[in-house]
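Structure data (compact mmCIF, C-alpha atoms) from target_25.txt:
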```txt
# COMPACT_ATOMS: atom_id res chain seq x y z
CA MET A 201 -5.53 14.53 -16.43
CA GLU A 202 -8.94 13.30 -17.65
CA GLU A 203 -7.37 10.47 -19.67
CA LEU A 204 -5.12 9.47 -16.79
CA GLU A 205 -8.03 9.21 -14.39
CA GLU A 206 -10.97 8.21 -16.57
CA GLY A 207 -9.32 6.48 -19.52
CA ARG A 208 -9.01 2.80 -20.36
CA ARG A 209 -5.40 2.85 -21.51
CA SER A 210 -2.58 2.03 -19.11
CA ARG A 211 -0.17 4.85 -18.41
CA ILE A 212 1.03 3.37 -15.13
CA ASP A 213 3.86 5.48 -13.75
CA PHE A 214 6.51 2.88 -12.92
CA SER A 215 9.02 5.67 -12.32
CA LYS A 216 7.12 6.94 -9.25
CA LEU A 217 9.27 5.34 -6.55
CA ARG A 218 12.52 6.00 -8.36
CA ARG A 219 11.63 9.71 -8.35
CA VAL A 220 10.61 9.59 -4.69
CA GLY A 221 13.94 7.95 -3.93
CA GLU A 222 16.00 10.28 -6.07
CA ALA A 223 14.43 13.25 -4.28
CA GLY A 224 15.88 11.84 -1.06
CA CYS A 225 12.47 11.46 0.62
CA GLU A 226 12.67 9.41 3.81
CA VAL A 227 9.22 7.87 3.58
CA VAL A 228 7.46 4.53 3.75
CA PRO A 229 4.30 3.62 1.86
CA VAL A 230 1.06 3.93 3.83
CA VAL A 231 -2.07 1.98 2.95
CA LEU A 232 -5.21 3.89 3.88
CA GLN A 233 -8.07 1.53 4.62
CA ASP A 234 -11.69 2.25 5.59
CA ALA A 235 -11.87 0.52 8.98
CA ASP A 236 -15.59 -0.19 8.63
CA SER A 237 -15.98 -1.35 5.02
CA GLY A 238 -12.45 -2.74 4.66
CA ALA A 239 -12.05 -0.89 1.35
CA VAL A 240 -8.53 0.13 0.42
CA LEU A 241 -8.84 3.87 -0.25
CA TYR A 242 -5.40 4.79 -1.53
CA VAL A 243 -1.65 4.59 -0.95
CA GLY A 244 0.21 7.57 0.45
CA TYR A 245 3.60 8.12 2.02
CA ALA A 246 4.72 9.06 5.52
CA ASN A 247 7.96 10.13 7.13
CA GLU A 248 8.43 10.04 10.87
CA LEU A 249 6.91 13.52 11.31
CA ALA A 250 3.74 12.56 9.42
CA LEU A 251 3.41 9.39 11.50
CA ARG A 252 3.82 11.33 14.74
CA GLU A 253 1.30 13.96 13.64
CA THR A 254 -1.18 11.22 12.74
CA LEU A 255 -0.89 9.69 16.21
CA ARG A 256 -0.96 13.09 17.94
CA THR A 257 -3.98 14.51 16.11
CA GLY A 258 -6.01 11.32 15.58
CA ARG A 259 -6.32 12.13 11.87
CA ALA A 260 -4.49 10.78 8.83
CA VAL A 261 -1.42 12.90 8.05
CA LEU A 262 0.85 12.02 5.14
CA TRP A 263 3.96 13.42 3.51
CA SER A 264 3.40 14.87 0.07
CA THR A 265 6.33 13.60 -2.01
CA SER A 266 5.52 16.04 -4.82
CA ARG A 267 5.21 19.17 -2.66
CA ASP A 268 7.72 17.88 -0.07
CA GLU A 269 5.58 18.94 2.89
CA LEU A 270 3.14 17.59 5.48
CA TRP A 271 -0.22 16.75 4.01
CA ARG A 272 -3.02 16.94 6.57
CA LYS A 273 -5.67 15.07 4.63
CA GLY A 274 -8.89 17.05 4.46
CA GLU A 275 -7.43 20.27 5.85
CA THR A 276 -8.71 22.27 2.91
CA SER A 277 -11.43 19.97 1.52
CA GLY A 278 -12.96 18.95 4.84
CA ASP A 279 -12.59 15.30 3.87
CA VAL A 280 -10.87 14.38 7.09
CA LEU A 281 -9.89 10.78 7.79
CA GLU A 282 -10.37 10.04 11.47
CA LEU A 283 -7.83 7.58 12.75
CA VAL A 284 -8.85 4.22 14.16
CA ASP A 285 -5.32 2.87 14.45
CA VAL A 286 -1.91 2.71 12.84
CA ARG A 287 -0.33 -0.67 12.14
CA VAL A 288 3.18 -1.61 11.09
CA ASN A 289 4.29 -4.65 9.09
CA CYS A 290 6.65 -7.41 10.21
CA GLU A 291 9.69 -5.86 8.52
CA GLN A 292 8.86 -2.31 9.62
CA ASN A 293 8.98 -0.81 6.16
CA SER A 294 5.33 0.09 5.54
CA LEU A 295 2.32 1.33 7.51
CA LEU A 296 -1.42 0.75 7.52
CA TYR A 297 -3.68 3.61 8.61
CA ARG A 298 -7.16 2.32 9.45
CA VAL A 299 -9.50 5.30 9.17
CA ARG A 300 -13.08 6.55 9.11
CA PRO A 301 -13.75 8.97 6.24
CA LYS A 302 -15.75 11.99 7.36
CA GLY A 303 -16.36 13.74 4.07
CA GLU A 304 -18.02 13.04 0.73
CA GLY A 305 -15.29 10.92 -0.79
CA VAL A 306 -11.59 10.32 -0.46
CA CYS A 307 -10.63 10.35 -4.15
CA HIS A 308 -10.31 13.70 -5.93
CA THR A 309 -12.14 12.31 -9.00
CA ARG A 310 -15.89 12.21 -9.50
CA ASP A 311 -18.05 9.32 -10.62
CA PRO A 312 -19.64 10.53 -13.89
CA ALA A 313 -22.81 8.55 -13.08
CA THR A 314 -23.50 10.33 -9.80
CA GLY A 315 -21.39 13.48 -9.99
CA ARG A 316 -20.12 12.71 -6.49
CA ARG A 317 -16.54 12.21 -5.42
CA ARG A 318 -15.52 8.57 -5.46
CA PRO A 319 -15.10 6.92 -2.05
CA GLY A 320 -11.71 5.46 -2.97
CA CYS A 321 -9.10 5.52 -5.74
CA TYR A 322 -9.14 1.89 -7.00
CA TYR A 323 -12.25 2.15 -9.20
CA ARG A 324 -10.67 0.59 -12.32
CA ARG A 325 -9.74 -3.04 -13.01
CA VAL A 326 -6.66 -3.90 -15.08
CA LEU A 327 -7.19 -6.71 -17.58
CA GLY A 328 -5.38 -8.68 -20.27
CA ASP A 329 -2.30 -8.40 -22.43
CA ASP A 330 -3.04 -4.79 -23.28
CA LEU A 331 -3.37 -3.78 -19.62
CA GLU A 332 -6.71 -2.20 -20.43
CA PHE A 333 -8.81 -0.66 -17.70
CA PHE A 334 -12.47 -1.45 -17.07
CA MET B 102 15.36 -10.22 13.11
CA GLU B 103 13.35 -11.36 16.14
CA GLU B 104 13.39 -7.85 17.62
CA LEU B 105 12.40 -6.30 14.28
CA GLU B 106 9.43 -8.62 13.90
CA GLU B 107 8.36 -9.35 17.46
CA GLY B 108 9.63 -6.34 19.40
CA ARG B 109 7.78 -3.34 20.77
CA ARG B 110 10.33 -0.69 19.81
CA SER B 111 10.02 1.21 16.57
CA ARG B 112 12.80 0.69 14.07
CA ILE B 113 10.74 1.76 11.10
CA ASP B 114 12.91 1.85 8.01
CA PHE B 115 12.15 5.25 6.53
CA SER B 116 15.02 4.82 4.08
CA LYS B 117 13.27 1.96 2.27
CA LEU B 118 11.92 3.90 -0.70
CA ARG B 119 15.04 6.01 -1.07
CA ARG B 120 17.04 2.80 -1.47
CA VAL B 121 14.49 1.36 -3.90
CA GLY B 122 14.77 4.55 -5.89
CA GLU B 123 18.53 4.76 -5.77
CA ALA B 124 18.73 1.19 -7.07
CA GLY B 125 16.86 2.44 -10.15
CA CYS B 126 13.92 0.06 -9.65
CA GLU B 127 10.99 0.90 -11.92
CA VAL B 128 8.25 -0.25 -9.57
CA VAL B 129 5.00 0.91 -8.03
CA PRO B 130 3.71 -0.13 -4.60
CA VAL B 131 1.17 -2.95 -4.60
CA VAL B 132 -1.34 -3.45 -1.79
CA LEU B 133 -2.22 -7.11 -1.35
CA GLN B 134 -5.70 -7.53 0.08
CA ASP B 135 -7.62 -10.65 1.03
CA ALA B 136 -10.65 -10.33 -1.26
CA ASP B 137 -12.91 -12.24 1.15
CA SER B 138 -11.99 -10.84 4.58
CA GLY B 139 -10.86 -7.40 3.34
CA ALA B 140 -7.68 -7.71 5.42
CA VAL B 141 -4.64 -5.86 4.09
CA LEU B 142 -1.98 -8.59 3.95
CA TYR B 143 1.14 -6.65 2.99
CA VAL B 144 2.67 -4.14 0.59
CA GLY B 145 4.92 -5.33 -2.21
CA TYR B 146 6.26 -3.81 -5.40
CA ALA B 147 5.64 -4.53 -9.08
CA ASN B 148 7.22 -3.51 -12.32
CA GLU B 149 5.45 -3.99 -15.64
CA LEU B 150 6.74 -7.57 -15.98
CA ALA B 151 5.41 -8.57 -12.56
CA LEU B 152 2.04 -7.01 -13.38
CA ARG B 153 1.86 -8.87 -16.70
CA GLU B 154 2.85 -12.17 -15.06
CA THR B 155 0.17 -11.66 -12.41
CA LEU B 156 -2.51 -11.17 -15.06
CA ARG B 157 -1.18 -14.03 -17.21
CA THR B 158 -0.88 -16.64 -14.44
CA GLY B 159 -3.80 -15.59 -12.21
CA ARG B 160 -1.51 -15.51 -9.19
CA ALA B 161 0.17 -12.65 -7.36
CA VAL B 162 3.62 -11.93 -8.81
CA LEU B 163 5.77 -9.12 -7.42
CA TRP B 164 9.20 -7.67 -8.04
CA SER B 165 11.67 -8.28 -5.24
CA THR B 166 13.46 -4.96 -4.78
CA SER B 167 16.14 -6.60 -2.62
CA ARG B 168 16.93 -9.52 -4.94
CA ASP B 169 16.04 -7.51 -8.06
CA GLU B 170 14.06 -10.37 -9.61
CA LEU B 171 10.52 -11.63 -10.17
CA TRP B 172 8.95 -12.94 -7.01
CA ARG B 173 6.25 -15.51 -7.68
CA LYS B 174 4.63 -15.50 -4.26
CA GLY B 175 4.35 -19.04 -2.88
CA GLU B 176 6.50 -20.68 -5.56
CA THR B 177 8.73 -22.29 -2.92
CA SER B 178 6.48 -22.12 0.17
CA GLY B 179 3.24 -23.18 -1.52
CA ASP B 180 1.52 -20.12 -0.09
CA VAL B 181 0.13 -19.05 -3.42
CA LEU B 182 -2.13 -16.00 -3.68
CA GLU B 183 -4.82 -16.66 -6.26
CA LEU B 184 -5.79 -13.51 -8.09
CA VAL B 185 -9.31 -12.13 -7.93
CA ASP B 186 -8.49 -8.90 -9.73
CA VAL B 187 -5.95 -6.11 -10.15
CA ARG B 188 -7.00 -2.52 -9.63
CA VAL B 189 -5.22 0.72 -10.40
CA ASN B 190 -5.60 4.08 -8.65
CA CYS B 191 -6.77 7.35 -10.17
CA GLU B 192 -3.26 8.67 -10.74
CA GLN B 193 -1.90 5.33 -12.02
CA ASN B 194 0.99 5.14 -9.59
CA SER B 195 -0.03 2.22 -7.37
CA LEU B 196 -1.83 -1.11 -7.68
CA LEU B 197 -4.20 -3.20 -5.60
CA TYR B 198 -4.07 -6.99 -5.98
CA ARG B 199 -7.20 -8.56 -4.53
CA VAL B 200 -6.31 -12.19 -3.76
CA ARG B 201 -7.34 -15.46 -2.11
CA PRO B 202 -4.57 -16.94 0.04
CA LYS B 203 -4.22 -20.69 -0.53
CA GLY B 204 -1.62 -21.57 2.12
CA GLU B 205 -1.21 -21.45 5.87
CA GLY B 206 -0.41 -17.76 6.17
CA VAL B 207 0.98 -14.93 4.09
CA CYS B 208 3.46 -13.49 6.59
CA HIS B 209 6.80 -15.26 7.11
CA THR B 210 6.50 -14.77 10.92
CA ARG B 211 4.72 -17.09 13.32
CA ASP B 212 2.25 -16.24 16.04
CA PRO B 213 3.94 -17.38 19.27
CA ALA B 214 0.52 -18.27 20.74
CA THR B 215 -0.38 -20.74 18.02
CA GLY B 216 2.93 -21.54 16.31
CA ARG B 217 1.24 -20.94 12.97
CA ARG B 218 2.21 -18.45 10.32
CA ARG B 219 0.38 -15.18 10.67
CA PRO B 220 -2.31 -14.52 8.03
CA GLY B 221 -0.99 -11.01 7.34
CA CYS B 222 1.87 -8.68 8.22
CA TYR B 223 0.08 -5.86 10.11
CA TYR B 224 -0.22 -7.59 13.48
CA ARG B 225 1.22 -4.71 15.57
CA ARG B 226 -0.34 -1.37 16.48
CA VAL B 227 1.78 1.78 16.75
CA LEU B 228 0.95 3.98 19.72
CA GLY B 229 2.00 7.18 21.46
CA ASP B 230 4.95 9.54 21.52
CA ASP B 231 7.43 6.69 21.76
CA LEU B 232 6.00 4.92 18.72
CA GLU B 233 5.70 1.77 20.77
CA PHE B 234 4.19 -1.37 19.29
CA PHE B 235 1.39 -3.40 20.87
```
Could you render the structure as C-alpha cells?
Amino acid sequence: MEELEEGRRSRIDFSKLRRVGEAGCEVVPVVLQDADSGAVLYVGYANELALRETLRTGRAVLWSTSRDELWRKGETSGDVLELVDVRVNCEQNSLLYRVRPKGEGVCHTRDPATGRRRPGCYYRRVLGDDLEFF
Amino acid sequence: MEELEEGRRSRIDFSKLRRVGEAGCEVVPVVLQDADSGAVLYVGYANELALRETLRTGRAVLWSTSRDELWRKGETSGDVLELVDVRVNCEQNSLLYRVRPKGEGVCHTRDPATGRRRPGCYYRRVLGDDLEFF
C-alpha cells in the first residue's frame, strides 16, 4: 500500500479496465475536477444510478467497481464533493463532474510534509524510460 | 452521429468499459487537461506502449480501444498535443496528461455558432430527471 502510493517505482495497473469489464460493470469513467482551481482530483466510475443520484442530491456519487455498490463520496469521511455541474463528452462515453470539495482533502493519502490529506490524487509525475515517479 | 454529438437526449454508452474489458485491452483511463487553462479536454486510454511513446516523443499518445492500435493524437489532423507532464494517481490505475494543444481544437465536432472545432469535448451539461443535455 505504502509503496504503491508513496513509492517511485511504476506499478501501474493496466489490467484495471479489463477487470471492470470482466465483472460486467456498466459504467463510464468520470473525471472529478475542482471547479474553482481547475485541478483534476481523480477518476471514478458511474453507472446510470450513480449519475442520477449525483444530479438528485447535488453531491458527487460514484459506483465503486471493487465493492459493486453506490459510493456517496464523503458519506463516512465528511469529505463531500458539492456538485457544480455534470458534463458529458461528444461521444457520450465519459462524464465530467465539476465539484467543490468541502472537506480536508479528496485523496485518501497524506502528504508526509504536512500530515494533511492531499487535495487530489495526481501528486506524482511519471518520467523517463524507467517510468519513475517524482 | 449528429444526434449523439449535438442532441439534447441522453444516449450515454454505459457499456463502453465492459466492451473495452471484454476485448482484453490492457489500458488505463487518461485524462487530457489543458495545462494553461485547466480545461478537461477529453478522456482517452493508454497501455504501457502509449505511455512510453508519450514520454519519448513529448506528445500525447493514446491507445485506440476501437481500432486496437497506437493513436498519435494529431498525426493526421495536425492537432498535436504537446506534453507538459504525465501524472499518476495514488492507486496507479489512471493517468493525467497535462498538455498544450497546438491545433484549432481538440474535439472532432464543430461549434455551429462559429464553424470552428470545439476546444474540448465536454460542451454539454447534463440536467434533471430526464438526463437532458444543455
What residues in chain A lie within 8 Å of chain B, counting all atoms listed in the file, written as a PDB file with C-alpha atoms, in the coordinates of the input?
```
ATOM      1  CA  LEU A 204      -5.120   9.470 -16.790  1.00  0.00           C
ATOM      2  CA  GLU A 205      -8.030   9.210 -14.390  1.00  0.00           C
ATOM      3  CA  GLU A 206     -10.970   8.210 -16.570  1.00  0.00           C
ATOM      4  CA  SER A 210      -2.580   2.030 -19.110  1.00  0.00           C
ATOM      5  CA  ARG A 211      -0.170   4.850 -18.410  1.00  0.00           C
ATOM      6  CA  ILE A 212       1.030   3.370 -15.130  1.00  0.00           C
ATOM      7  CA  ASP A 213       3.860   5.480 -13.750  1.00  0.00           C
ATOM      8  CA  PHE A 214       6.510   2.880 -12.920  1.00  0.00           C
ATOM      9  CA  SER A 215       9.020   5.670 -12.320  1.00  0.00           C
ATOM     10  CA  LYS A 216       7.120   6.940  -9.250  1.00  0.00           C
ATOM     11  CA  LEU A 217       9.270   5.340  -6.550  1.00  0.00           C
ATOM     12  CA  ARG A 218      12.520   6.000  -8.360  1.00  0.00           C
ATOM     13  CA  ARG A 219      11.630   9.710  -8.350  1.00  0.00           C
ATOM     14  CA  VAL A 220      10.610   9.590  -4.690  1.00  0.00           C
ATOM     15  CA  GLY A 221      13.940   7.950  -3.930  1.00  0.00           C
ATOM     16  CA  GLU A 222      16.000  10.280  -6.070  1.00  0.00           C
ATOM     17  CA  ALA A 223      14.430  13.250  -4.280  1.00  0.00           C
ATOM     18  CA  GLY A 224      15.880  11.840  -1.060  1.00  0.00           C
ATOM     19  CA  CYS A 225      12.470  11.460   0.620  1.00  0.00           C
ATOM     20  CA  GLU A 226      12.670   9.410   3.810  1.00  0.00           C
ATOM     21  CA  VAL A 227       9.220   7.870   3.580  1.00  0.00           C
ATOM     22  CA  VAL A 228       7.460   4.530   3.750  1.00  0.00           C
ATOM     23  CA  PRO A 229       4.300   3.620   1.860  1.00  0.00           C
ATOM     24  CA  VAL A 231      -2.070   1.980   2.950  1.00  0.00           C
ATOM     25  CA  GLY A 238     -12.450  -2.740   4.660  1.00  0.00           C
ATOM     26  CA  ALA A 239     -12.050  -0.890   1.350  1.00  0.00           C
ATOM     27  CA  TYR A 242      -5.400   4.790  -1.530  1.00  0.00           C
ATOM     28  CA  VAL A 243      -1.650   4.590  -0.950  1.00  0.00           C
ATOM     29  CA  ASN A 247       7.960  10.130   7.130  1.00  0.00           C
ATOM     30  CA  GLU A 248       8.430  10.040  10.870  1.00  0.00           C
ATOM     31  CA  ARG A 252       3.820  11.330  14.740  1.00  0.00           C
ATOM     32  CA  LEU A 255      -0.890   9.690  16.210  1.00  0.00           C
ATOM     33  CA  ARG A 256      -0.960  13.090  17.940  1.00  0.00           C
ATOM     34  CA  ASP A 285      -5.320   2.870  14.450  1.00  0.00           C
ATOM     35  CA  VAL A 286      -1.910   2.710  12.840  1.00  0.00           C
ATOM     36  CA  ARG A 287      -0.330  -0.670  12.140  1.00  0.00           C
ATOM     37  CA  VAL A 288       3.180  -1.610  11.090  1.00  0.00           C
ATOM     38  CA  ASN A 289       4.290  -4.650   9.090  1.00  0.00           C
ATOM     39  CA  CYS A 290       6.650  -7.410  10.210  1.00  0.00           C
ATOM     40  CA  GLU A 291       9.690  -5.860   8.520  1.00  0.00           C
ATOM     41  CA  GLN A 292       8.860  -2.310   9.620  1.00  0.00           C
ATOM     42  CA  ASN A 293       8.980  -0.810   6.160  1.00  0.00           C
ATOM     43  CA  SER A 294       5.330   0.090   5.540  1.00  0.00           C
ATOM     44  CA  LEU A 295       2.320   1.330   7.510  1.00  0.00           C
ATOM     45  CA  LEU A 296      -1.420   0.750   7.520  1.00  0.00           C
ATOM     46  CA  CYS A 307     -10.630  10.350  -4.150  1.00  0.00           C
ATOM     47  CA  THR A 309     -12.140  12.310  -9.000  1.00  0.00           C
ATOM     48  CA  CYS A 321      -9.100   5.520  -5.740  1.00  0.00           C
ATOM     49  CA  TYR A 322      -9.140   1.890  -7.000  1.00  0.00           C
ATOM     50  CA  TYR A 323     -12.250   2.150  -9.200  1.00  0.00           C
ATOM     51  CA  ARG A 324     -10.670   0.590 -12.320  1.00  0.00           C
ATOM     52  CA  ARG A 325      -9.740  -3.040 -13.010  1.00  0.00           C
ATOM     53  CA  VAL A 326      -6.660  -3.900 -15.080  1.00  0.00           C
ATOM     54  CA  LEU A 327      -7.190  -6.710 -17.580  1.00  0.00           C
ATOM     55  CA  GLY A 328      -5.380  -8.680 -20.270  1.00  0.00           C
ATOM     56  CA  ASP A 329      -2.300  -8.400 -22.430  1.00  0.00           C
ATOM     57  CA  LEU A 331      -3.370  -3.780 -19.620  1.00  0.00           C
TER      58      LEU A 331
END
```
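For the pair CA of Asp236 (chain A) and CA of Arg109 (chain B), the separation is 26.5 Å.
Minimum atom-to-atom distance to Lys203 (chain B), evaluated using all atoms listed in the file, belongs to B:Leu182 out of B:Leu171, B:Leu150, B:Leu163, B:Leu182.
The space between CA of Val280 (chain A) and CA of Pro301 (chain A) spans 6.2 Å.
The shortest atom-to-atom distance to Glu176 (chain B), with only C-alpha atoms taken into account, belongs to B:Gly204 out of B:Arg217, B:Gly204, B:Arg211, B:Arg199.
Take CA of Pro319 (chain A) and CA of Ala151 (chain B): the distance between them is 27.8 Å.
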For region 108-119 of chain B in the structure I just supplied, write out all heavy atoms - as a tab-separated table (two decimals), in the first residue's frame.
```tsv
chain	number	residue	atom	x	y	z
B	108	GLY	N	-27.21	16.45	-29.97
B	108	GLY	CA	-28.56	16.34	-29.44
B	108	GLY	C	-28.68	16.66	-27.97
B	108	GLY	O	-27.69	16.86	-27.28
B	109	ARG	N	-29.91	16.70	-27.49
B	109	ARG	CA	-30.18	17.00	-26.08
B	109	ARG	C	-30.59	15.77	-25.31
B	109	ARG	O	-30.74	15.82	-24.09
B	109	ARG	CB	-31.28	18.07	-25.98
B	109	ARG	CG	-30.75	19.46	-26.33
B	109	ARG	CD	-31.83	20.51	-26.24
B	109	ARG	NE	-32.52	20.51	-24.96
B	109	ARG	CZ	-33.45	21.40	-24.63
B	109	ARG	NH1	-33.80	22.36	-25.49
B	109	ARG	NH2	-34.05	21.35	-23.46
B	110	ARG	N	-30.78	14.63	-26.01
B	110	ARG	CA	-31.23	13.43	-25.32
B	110	ARG	C	-30.04	12.54	-24.95
B	110	ARG	O	-29.15	12.31	-25.77
B	110	ARG	CB	-32.20	12.64	-26.20
B	110	ARG	CG	-33.63	13.14	-26.07
B	110	ARG	CD	-34.56	12.29	-26.91
B	110	ARG	NE	-34.41	10.87	-26.66
B	110	ARG	CZ	-34.44	9.93	-27.61
B	110	ARG	NH1	-34.61	10.27	-28.87
B	110	ARG	NH2	-34.32	8.67	-27.31
B	111	SER	N	-30.09	12.04	-23.72
B	111	SER	CA	-29.03	11.16	-23.26
B	111	SER	C	-29.05	9.83	-23.98
B	111	SER	O	-30.08	9.16	-24.05
B	111	SER	CB	-29.18	10.91	-21.76
B	111	SER	OG	-28.37	9.84	-21.35
B	112	ARG	N	-27.90	9.47	-24.53
B	112	ARG	CA	-27.67	8.11	-25.03
B	112	ARG	C	-26.32	7.65	-24.51
B	112	ARG	O	-25.53	7.09	-25.25
B	112	ARG	CB	-27.71	8.11	-26.56
B	112	ARG	CG	-29.11	8.28	-27.14
B	112	ARG	CD	-29.07	8.60	-28.61
B	112	ARG	NE	-28.21	7.71	-29.37
B	112	ARG	CZ	-27.78	7.94	-30.61
B	112	ARG	NH1	-28.16	9.03	-31.25
B	112	ARG	NH2	-27.00	7.11	-31.23
B	113	ILE	N	-26.09	7.96	-23.24
B	113	ILE	CA	-24.78	7.66	-22.65
B	113	ILE	C	-24.48	6.16	-22.75
B	113	ILE	O	-25.32	5.33	-22.41
B	113	ILE	CB	-24.71	8.13	-21.18
B	113	ILE	CG1	-24.93	9.64	-21.10
B	113	ILE	CG2	-23.38	7.75	-20.55
B	113	ILE	CD1	-25.08	10.17	-19.67
B	114	ASP	N	-23.29	5.87	-23.24
B	114	ASP	CA	-22.91	4.48	-23.51
B	114	ASP	C	-22.27	3.85	-22.27
B	114	ASP	O	-21.05	3.80	-22.15
B	114	ASP	CB	-21.95	4.46	-24.70
B	114	ASP	CG	-21.51	3.05	-25.03
B	114	ASP	OD1	-22.09	2.08	-24.47
B	114	ASP	OD2	-20.58	2.89	-25.84
B	115	PHE	N	-23.13	3.34	-21.39
B	115	PHE	CA	-22.62	2.74	-20.16
B	115	PHE	C	-21.98	1.36	-20.40
B	115	PHE	O	-21.45	0.76	-19.48
B	115	PHE	CB	-23.75	2.62	-19.12
B	115	PHE	CG	-24.15	3.93	-18.51
B	115	PHE	CD1	-25.31	4.57	-18.90
B	115	PHE	CD2	-23.34	4.55	-17.56
B	115	PHE	CE1	-25.68	5.79	-18.33
B	115	PHE	CE2	-23.70	5.78	-17.00
B	115	PHE	CZ	-24.88	6.39	-17.39
B	116	SER	N	-22.01	0.89	-21.63
B	116	SER	CA	-21.37	-0.40	-21.92
B	116	SER	C	-19.92	-0.24	-22.37
B	116	SER	O	-19.22	-1.23	-22.60
B	116	SER	CB	-22.16	-1.15	-23.01
B	116	SER	OG	-21.97	-0.51	-24.26
B	117	LYS	N	-19.49	1.02	-22.47
B	117	LYS	CA	-18.15	1.30	-23.02
B	117	LYS	C	-17.03	0.48	-22.36
B	117	LYS	O	-16.27	-0.21	-23.03
B	117	LYS	CB	-17.86	2.81	-22.86
B	117	LYS	CG	-16.42	3.25	-23.09
B	117	LYS	CD	-16.07	3.31	-24.55
B	117	LYS	CE	-14.60	3.66	-24.73
B	117	LYS	NZ	-14.21	3.69	-26.14
B	118	LEU	N	-16.95	0.56	-21.03
B	118	LEU	CA	-15.82	-0.08	-20.36
B	118	LEU	C	-15.95	-1.60	-20.35
B	118	LEU	O	-14.96	-2.32	-20.38
B	118	LEU	CB	-15.66	0.44	-18.93
B	118	LEU	CG	-15.26	1.91	-18.85
B	118	LEU	CD1	-14.88	2.26	-17.44
B	118	LEU	CD2	-14.15	2.25	-19.80
B	119	ARG	N	-17.20	-2.08	-20.34
B	119	ARG	CA	-17.38	-3.53	-20.42
B	119	ARG	C	-16.82	-4.05	-21.75
B	119	ARG	O	-16.14	-5.06	-21.81
B	119	ARG	CB	-18.87	-3.88	-20.26
B	119	ARG	CG	-19.14	-5.37	-20.21
B	119	ARG	CD	-20.57	-5.68	-19.79
B	119	ARG	NE	-21.58	-4.95	-20.54
B	119	ARG	CZ	-21.90	-5.17	-21.82
B	119	ARG	NH1	-21.26	-6.10	-22.50
B	119	ARG	NH2	-22.84	-4.46	-22.40
```
